[in-house]
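Content type mmCIF, C-alpha atoms, from the file start_26.cif:
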data_upload
#
loop_
_atom_site.group_PDB
_atom_site.id
_atom_site.type_symbol
_atom_site.label_atom_id
_atom_site.label_comp_id
_atom_site.auth_asym_id
_atom_site.auth_seq_id
_atom_site.Cartn_x
_atom_site.Cartn_y
_atom_site.Cartn_z
ATOM 1 C CA MET A 23 0.000 0.000 0.000
ATOM 2 C CA TRP A 24 1.178 3.452 -0.887
ATOM 3 C CA GLU A 25 0.680 4.688 2.671
ATOM 4 C CA ALA A 26 3.116 2.029 3.937
ATOM 5 C CA VAL A 27 5.708 2.814 1.269
ATOM 6 C CA GLU A 28 5.647 6.616 1.605
ATOM 7 C CA ARG A 29 5.461 7.447 5.307
ATOM 8 C CA THR A 30 6.731 11.005 4.862
ATOM 9 C CA PRO A 31 6.209 13.114 1.728
ATOM 10 C CA GLY A 32 8.816 12.114 -0.862
ATOM 11 C CA GLN A 33 10.523 9.562 1.420
ATOM 12 C CA PHE A 34 10.070 5.884 0.548
ATOM 13 C CA ASN A 35 10.403 3.153 3.150
ATOM 14 C CA GLN A 36 12.993 0.775 1.705
ATOM 15 C CA THR A 37 12.760 -1.482 4.769
ATOM 16 C CA TYR A 38 9.074 -2.093 4.105
ATOM 17 C CA LEU A 39 9.764 -2.755 0.419
ATOM 18 C CA ALA A 40 12.510 -5.228 1.361
ATOM 19 C CA GLU A 41 10.133 -7.057 3.748
ATOM 20 C CA VAL A 42 7.533 -7.323 0.994
ATOM 21 C CA GLU A 43 10.188 -8.643 -1.379
ATOM 22 C CA SER A 44 11.186 -11.237 1.204
ATOM 23 C CA LEU A 45 7.557 -12.364 1.344
ATOM 24 C CA ILE A 46 7.346 -12.431 -2.464
ATOM 25 C CA ASN A 47 10.478 -14.600 -2.571
ATOM 26 C CA ARG A 48 9.237 -17.023 0.104
ATOM 27 C CA LEU A 49 5.937 -17.392 -1.732
ATOM 28 C CA GLY A 50 7.741 -17.833 -5.048
ATOM 29 C CA GLN A 51 9.921 -20.600 -3.634
ATOM 30 C CA LYS A 52 6.665 -22.447 -2.851
ATOM 31 C CA GLY A 53 5.372 -21.935 -6.406
ATOM 32 C CA ILE A 54 3.152 -18.937 -5.664
ATOM 33 C CA TYR A 55 3.738 -15.936 -7.918
ATOM 34 C CA THR A 56 2.837 -12.335 -7.042
ATOM 35 C CA LEU A 57 0.940 -9.583 -8.783
ATOM 36 C CA VAL A 58 2.113 -6.358 -7.139
ATOM 37 C CA ASP A 59 -0.968 -4.257 -6.529
ATOM 38 C CA ALA A 60 -1.546 -0.689 -5.360
ATOM 39 C CA HIS A 61 -4.168 -1.789 -2.875
ATOM 40 C CA GLN A 62 -6.743 0.733 -1.779
ATOM 41 C CA ASP A 63 -10.231 0.846 -0.390
ATOM 42 C CA ILE A 64 -11.800 4.329 -0.511
ATOM 43 C CA LEU A 65 -8.254 5.657 -0.914
ATOM 44 C CA ALA A 66 -7.401 7.059 2.526
ATOM 45 C CA ARG A 67 -7.646 6.252 6.213
ATOM 46 C CA ARG A 68 -8.965 9.776 6.764
ATOM 47 C CA ILE A 69 -12.172 8.740 4.966
ATOM 48 C CA CYS A 70 -12.609 5.211 6.408
ATOM 49 C CA GLY A 71 -10.326 3.623 3.835
ATOM 50 C CA GLU A 72 -6.736 2.754 3.154
ATOM 51 C CA GLY A 73 -4.245 3.193 0.377
ATOM 52 C CA ILE A 74 -2.746 6.647 -0.037
ATOM 53 C CA PRO A 75 -0.905 8.525 2.694
ATOM 54 C CA ASN A 76 -3.185 10.740 4.776
ATOM 55 C CA PHE A 77 -0.927 13.734 4.195
ATOM 56 C CA TYR A 78 -2.137 13.731 0.576
ATOM 57 C CA ALA A 79 -5.813 13.488 1.591
ATOM 58 C CA VAL A 80 -6.214 17.162 2.471
ATOM 59 C CA ASP A 81 -8.684 19.973 1.747
ATOM 60 C CA LEU A 82 -11.454 17.530 0.874
ATOM 61 C CA PRO A 83 -14.938 18.815 0.038
ATOM 62 C CA ARG A 84 -18.013 17.975 2.110
ATOM 63 C CA HIS A 85 -20.435 18.307 -0.807
ATOM 64 C CA CYS A 86 -20.601 16.631 -4.189
ATOM 65 C CA LYS A 87 -19.739 18.678 -7.237
ATOM 66 C CA GLY A 88 -21.687 18.415 -10.453
ATOM 67 C CA GLY A 89 -24.833 20.500 -10.592
ATOM 68 C CA ASN A 90 -28.356 19.166 -10.193
ATOM 69 C CA PHE A 91 -27.391 15.510 -10.418
ATOM 70 C CA SER A 92 -25.004 15.802 -7.464
ATOM 71 C CA TRP A 93 -27.657 17.699 -5.511
ATOM 72 C CA PHE A 94 -30.115 14.872 -6.195
ATOM 73 C CA MET A 95 -27.593 12.185 -5.203
ATOM 74 C CA GLU A 96 -26.774 14.091 -2.024
ATOM 75 C CA THR A 97 -30.474 14.472 -1.224
ATOM 76 C CA ILE A 98 -31.128 10.726 -1.475
ATOM 77 C CA GLY A 99 -28.004 9.905 0.573
ATOM 78 C CA VAL A 100 -25.814 8.441 -2.168
ATOM 79 C CA CYS A 101 -23.315 11.276 -1.957
ATOM 80 C CA LYS A 102 -22.826 11.577 1.783
ATOM 81 C CA SER A 103 -19.787 13.215 3.362
ATOM 82 C CA ILE A 104 -17.733 11.115 5.750
ATOM 83 C CA GLN A 105 -18.206 13.926 8.263
ATOM 84 C CA ASP A 106 -22.000 13.430 8.125
ATOM 85 C CA TYR A 107 -21.716 9.993 9.739
ATOM 86 C CA ASN A 108 -20.956 11.590 13.136
ATOM 87 C CA PHE A 109 -17.975 9.322 13.719
ATOM 88 C CA THR A 110 -15.632 9.641 16.662
ATOM 89 C CA TYR A 111 -12.135 10.623 15.529
ATOM 90 C CA ASP A 112 -8.732 9.585 16.861
ATOM 91 C CA SER A 113 -5.866 11.930 17.707
ATOM 92 C CA ASP A 114 -4.654 11.835 14.060
ATOM 93 C CA GLY A 115 -8.019 13.043 12.762
ATOM 94 C CA ASN A 116 -9.084 9.640 11.434
ATOM 95 C CA PRO A 117 -12.529 8.186 12.090
ATOM 96 C CA LEU A 118 -12.341 5.246 14.476
ATOM 97 C CA ILE A 119 -12.191 1.962 12.576
ATOM 98 C CA SER A 120 -14.945 0.583 14.792
ATOM 99 C CA ASP A 121 -17.186 3.455 13.655
ATOM 100 C CA CYS A 122 -16.240 2.961 9.999
ATOM 101 C CA GLN A 123 -17.106 -0.734 10.245
ATOM 102 C CA LYS A 124 -20.684 0.046 11.263
ATOM 103 C CA HIS A 125 -21.474 0.699 7.591
ATOM 104 C CA ASN A 126 -20.744 -1.169 4.366
ATOM 105 C CA PHE A 127 -17.440 0.327 3.198
ATOM 106 C CA ALA A 128 -18.572 0.393 -0.442
ATOM 107 C CA GLY A 129 -21.045 3.109 0.543
ATOM 108 C CA TYR A 130 -18.141 5.442 1.285
ATOM 109 C CA TYR A 131 -16.902 5.366 -2.342
ATOM 110 C CA PRO A 132 -19.403 7.970 -3.616
ATOM 111 C CA SER A 133 -18.595 10.343 -0.753
ATOM 112 C CA PRO A 134 -17.443 13.764 -1.962
ATOM 113 C CA GLU A 135 -14.092 13.150 -0.247
ATOM 114 C CA SER A 136 -13.451 9.861 -2.069
ATOM 115 C CA VAL A 137 -14.673 11.162 -5.429
ATOM 116 C CA GLU A 138 -12.365 14.176 -5.086
ATOM 117 C CA LEU A 139 -9.304 12.071 -4.218
ATOM 118 C CA PHE A 140 -9.841 9.772 -7.192
ATOM 119 C CA ASP A 141 -10.286 12.820 -9.412
ATOM 120 C CA ARG A 142 -6.983 14.243 -8.173
ATOM 121 C CA ILE A 143 -5.206 11.031 -9.154
ATOM 122 C CA TYR A 144 -6.841 10.857 -12.598
ATOM 123 C CA THR A 145 -6.567 14.532 -13.542
ATOM 124 C CA ASN A 146 -3.419 15.605 -11.663
ATOM 125 C CA ASN A 147 -5.124 18.654 -10.163
ATOM 126 C CA GLU A 148 -2.697 21.599 -10.386
ATOM 127 C CA THR A 149 -2.959 22.374 -6.661
ATOM 128 C CA TYR A 150 -2.249 18.885 -5.311
ATOM 129 C CA LYS A 151 -0.364 17.076 -8.124
ATOM 130 C CA LEU A 152 -1.518 13.735 -6.680
ATOM 131 C CA GLN A 153 -1.005 11.907 -9.965
ATOM 132 C CA ASP A 154 2.660 12.987 -10.010
ATOM 133 C CA LYS A 155 3.067 11.679 -6.450
ATOM 134 C CA PHE A 156 1.318 8.427 -7.377
ATOM 135 C CA ILE A 157 3.706 7.995 -10.312
ATOM 136 C CA GLU A 158 6.738 8.571 -8.049
ATOM 137 C CA TYR A 159 5.394 5.900 -5.689
ATOM 138 C CA TRP A 160 5.024 3.475 -8.614
ATOM 139 C CA LYS A 161 8.489 4.273 -9.982
ATOM 140 C CA THR A 162 9.920 3.311 -6.598
ATOM 141 C CA VAL A 163 7.862 0.123 -6.303
ATOM 142 C CA ALA A 164 8.449 -0.967 -9.900
ATOM 143 C CA ALA A 165 12.196 -0.365 -9.660
ATOM 144 C CA LYS A 166 12.332 -2.515 -6.539
ATOM 145 C CA TYR A 167 10.483 -5.527 -7.990
ATOM 146 C CA ALA A 168 11.020 -5.251 -11.761
ATOM 147 C CA ASN A 169 13.671 -7.970 -11.875
ATOM 148 C CA ASN A 170 12.108 -10.337 -9.359
ATOM 149 C CA ASP A 171 11.372 -13.638 -11.110
ATOM 150 C CA TYR A 172 8.406 -14.275 -8.807
ATOM 151 C CA VAL A 173 6.580 -11.081 -9.797
ATOM 152 C CA VAL A 174 4.177 -11.713 -12.679
ATOM 153 C CA GLY A 175 3.036 -8.125 -13.113
ATOM 154 C CA PHE A 176 1.813 -4.879 -11.623
ATOM 155 C CA ASP A 177 -1.741 -3.654 -10.975
ATOM 156 C CA PRO A 178 -1.479 0.141 -10.950
ATOM 157 C CA LEU A 179 -4.712 0.844 -9.047
ATOM 158 C CA ASN A 180 -6.883 -1.707 -7.283
ATOM 159 C CA GLU A 181 -10.612 -1.184 -7.860
ATOM 160 C CA PRO A 182 -10.515 2.307 -9.410
ATOM 161 C CA PHE A 183 -13.668 4.325 -8.829
ATOM 162 C CA PRO A 184 -15.043 6.642 -11.546
ATOM 163 C CA SER A 185 -14.394 10.033 -10.009
ATOM 164 C CA ALA A 186 -16.432 12.300 -12.246
ATOM 165 C CA VAL A 187 -19.623 10.295 -11.783
ATOM 166 C CA PHE A 188 -21.590 13.295 -10.473
ATOM 167 C CA TYR A 189 -20.515 15.504 -13.372
ATOM 168 C CA ASP A 190 -21.108 12.806 -15.918
ATOM 169 C CA PRO A 191 -23.084 9.720 -14.799
ATOM 170 C CA SER A 192 -22.293 8.020 -18.120
ATOM 171 C CA PHE A 193 -18.894 7.092 -16.624
ATOM 172 C CA VAL A 194 -20.820 4.383 -14.789
ATOM 173 C CA TYR A 195 -23.174 3.108 -17.483
ATOM 174 C CA VAL A 196 -21.298 3.564 -20.786
ATOM 175 C CA PRO A 197 -18.949 0.574 -21.109
ATOM 176 C CA GLY A 198 -15.321 1.619 -21.460
ATOM 177 C CA LYS A 199 -15.851 5.381 -21.169
ATOM 178 C CA PHE A 200 -14.266 5.690 -17.726
ATOM 179 C CA ASP A 201 -11.374 3.465 -18.809
ATOM 180 C CA LEU A 202 -10.740 5.529 -21.944
ATOM 181 C CA VAL A 203 -11.077 8.968 -20.331
ATOM 182 C CA HIS A 204 -9.396 8.411 -16.958
ATOM 183 C CA LEU A 205 -7.597 5.076 -16.568
ATOM 184 C CA GLU A 206 -5.823 4.788 -19.899
ATOM 185 C CA PRO A 207 -4.213 8.254 -19.617
ATOM 186 C CA LEU A 208 -3.188 7.530 -16.010
ATOM 187 C CA TYR A 209 -1.669 4.170 -16.869
#
Take the structure in the file and write it out as structure tokens.
Amino acid sequence: MWEAVERTPGQFNQTYLAEVESLINRLGQKGIYTLVDAHQDILARRICGEGIPNFYAVDLPRHCKGGNFSWFMETIGVCKSIQDYNFTYDSDGNPLISDCQKHNFAGYYPSPESVELFDRIYTNNETYKLQDKFIEYWKTVAAKYANNDYVVGFDPLNEPFPSAVFYDPSFVYVPGKFDLVHLEPLY
């Protein structure tokens, strides 16, 4: 996970990467090959998920963007801010995991916070440059494992969510549109 690899902005934890490689090698010696994956669920611990470092999950909106459709989705509870769950927060500003687990985690994906973070990765928002940071993370990970015989490939982003769904709902129902517009350029 990115948050385990980059514990401080721009600093990559080589000890963690070496431990993962040791695991990859032990599995490989038993005939089990590894697909290295940028695991994430709802992107950040700050919003009941995991994946990217919390220090990149900043200045997140509490309301969905996208005109009347986002207003409608917010009204029916599909686009609900993490802050609207009335969670208890720990000293780092993260909702307590026990509170997060009271709800199906998939329901957090269309939160304005999650949608915004995915959008920052796909579009490389000028203010946050999250895509650039994601690419630096992957350069580090790929360089570490590129020559490992037990690595069969790399999965750049586990379970990507279509970020602009409230601007353009067709990202969900038009086959391949999200892939063409957001994933292919990122990859």
For Ala26 (chain A), which residue out of A:Glu206, A:Asp112, A:Asp63, A:Glu72 is the nearest one, using all atoms listed in the file?
-> A:Glu72
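Residues within 8 Å of Asn47 (chain A), counting all atoms listed in the file and excluding same-chain residues fewer than 4 positions away, are Glu43, Gln51 and Tyr172 of chain A.
Going from CA of Tyr209 (chain A) over to CA of Asp177 (chain A), you cover 9.8 Å.
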When you draw a straight line from CA of Ile98 (chain A) to CA of Tyr78 (chain A), how long is it in Å?
-> 29.2 Å
State, in Å with one decimal place, the distance from CA of Lys161 (chain A) to CA of Phe127 (chain A).
-> 29.4 Å
Selection: 10 Å around Tyr189 (chain A), all atoms listed in the file, excl. self and same-chain fewer than 3 positions, as a PDB file with C-alpha atoms, in the coordinates of the input:
ATOM      1  CA  CYS A  86     -20.601  16.631  -4.189  1.00  0.00           C
ATOM      2  CA  LYS A  87     -19.739  18.678  -7.237  1.00  0.00           C
ATOM      3  CA  GLY A  88     -21.687  18.415 -10.453  1.00  0.00           C
ATOM      4  CA  GLY A  89     -24.833  20.500 -10.592  1.00  0.00           C
ATOM      5  CA  ASN A  90     -28.356  19.166 -10.193  1.00  0.00           C
ATOM      6  CA  PHE A  91     -27.391  15.510 -10.418  1.00  0.00           C
ATOM      7  CA  SER A  92     -25.004  15.802  -7.464  1.00  0.00           C
ATOM      8  CA  SER A 185     -14.394  10.033 -10.009  1.00  0.00           C
ATOM      9  CA  ALA A 186     -16.432  12.300 -12.246  1.00  0.00           C
ATOM     10  CA  SER A 192     -22.293   8.020 -18.120  1.00  0.00           C
ATOM     11  CA  PHE A 193     -18.894   7.092 -16.624  1.00  0.00           C
TER      12      PHE A 193
END
For Pro132 (chain A), list every protein, DNA or RNA residue within 12 Å, evaluated using only C-alpha atoms, and leave out those in the same chain fewer than 3 positions away; present the list as a PyMOL selection string.
-> chain A and resi 64-65+69+84-87+92+95-96+99-104+127-129+135-141+183-188+191+194
Hits from the PyMOL selection byres ((chain A and resi 35) around 12), listed as an NGL selection string = :A and (23-34 or 36-42 or 159 or 162-163 or 166)
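For the choices A:Pro197, A:Gly175, A:Pro207, A:Gly115, the atom-to-atom distance to Phe77 (chain A) is smallest for A:Gly115 when using all atoms listed in the file.
Of the listed residues A:Ala164, A:Leu208, A:Ile143, A:Cys70, the one whose atoms come nearest to His125 (chain A) is A:Cys70, with distances taken using all atoms listed in the file.
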Residues in the PyMOL selection byres ((chain A and resi 68) around 8), expressed as number ranges by chain = A: 66-67, 69-71, 76, 79, 115-117
Can I get the selection written as a PDB file, keeping the file's coordinate frame, with C-alpha atoms?
ATOM      1  CA  ALA A  66      -7.401   7.059   2.526  1.00  0.00           C
ATOM      2  CA  ARG A  67      -7.646   6.252   6.213  1.00  0.00           C
ATOM      3  CA  ILE A  69     -12.172   8.740   4.966  1.00  0.00           C
ATOM      4  CA  CYS A  70     -12.609   5.211   6.408  1.00  0.00           C
ATOM      5  CA  GLY A  71     -10.326   3.623   3.835  1.00  0.00           C
ATOM      6  CA  ASN A  76      -3.185  10.740   4.776  1.00  0.00           C
ATOM      7  CA  ALA A  79      -5.813  13.488   1.591  1.00  0.00           C
ATOM      8  CA  GLY A 115      -8.019  13.043  12.762  1.00  0.00           C
ATOM      9  CA  ASN A 116      -9.084   9.640  11.434  1.00  0.00           C
ATOM     10  CA  PRO A 117     -12.529   8.186  12.090  1.00  0.00           C
TER      11      PRO A 117
END
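If only C-alpha atoms are the atoms counted, then among A:His204, A:Thr56, A:Thr110, A:Lys199 the closest residue to Asn146 (chain A) is A:His204.
Residues surrounding Leu179 (chain A) within 9 Å are Asp59, Ala60, His61 and Gln62 of chain A [only C-alpha atoms; sequence separation below 6 positions excluded].
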Got time to write the residues from that selection, C-alpha atoms, as a compact mmCIF listing (two decimals), in the frame of the given file?
# COMPACT_ATOMS: atom_id res chain seq x y z
CA ASP A 59 -0.97 -4.26 -6.53
CA ALA A 60 -1.55 -0.69 -5.36
CA HIS A 61 -4.17 -1.79 -2.88
CA GLN A 62 -6.74 0.73 -1.78
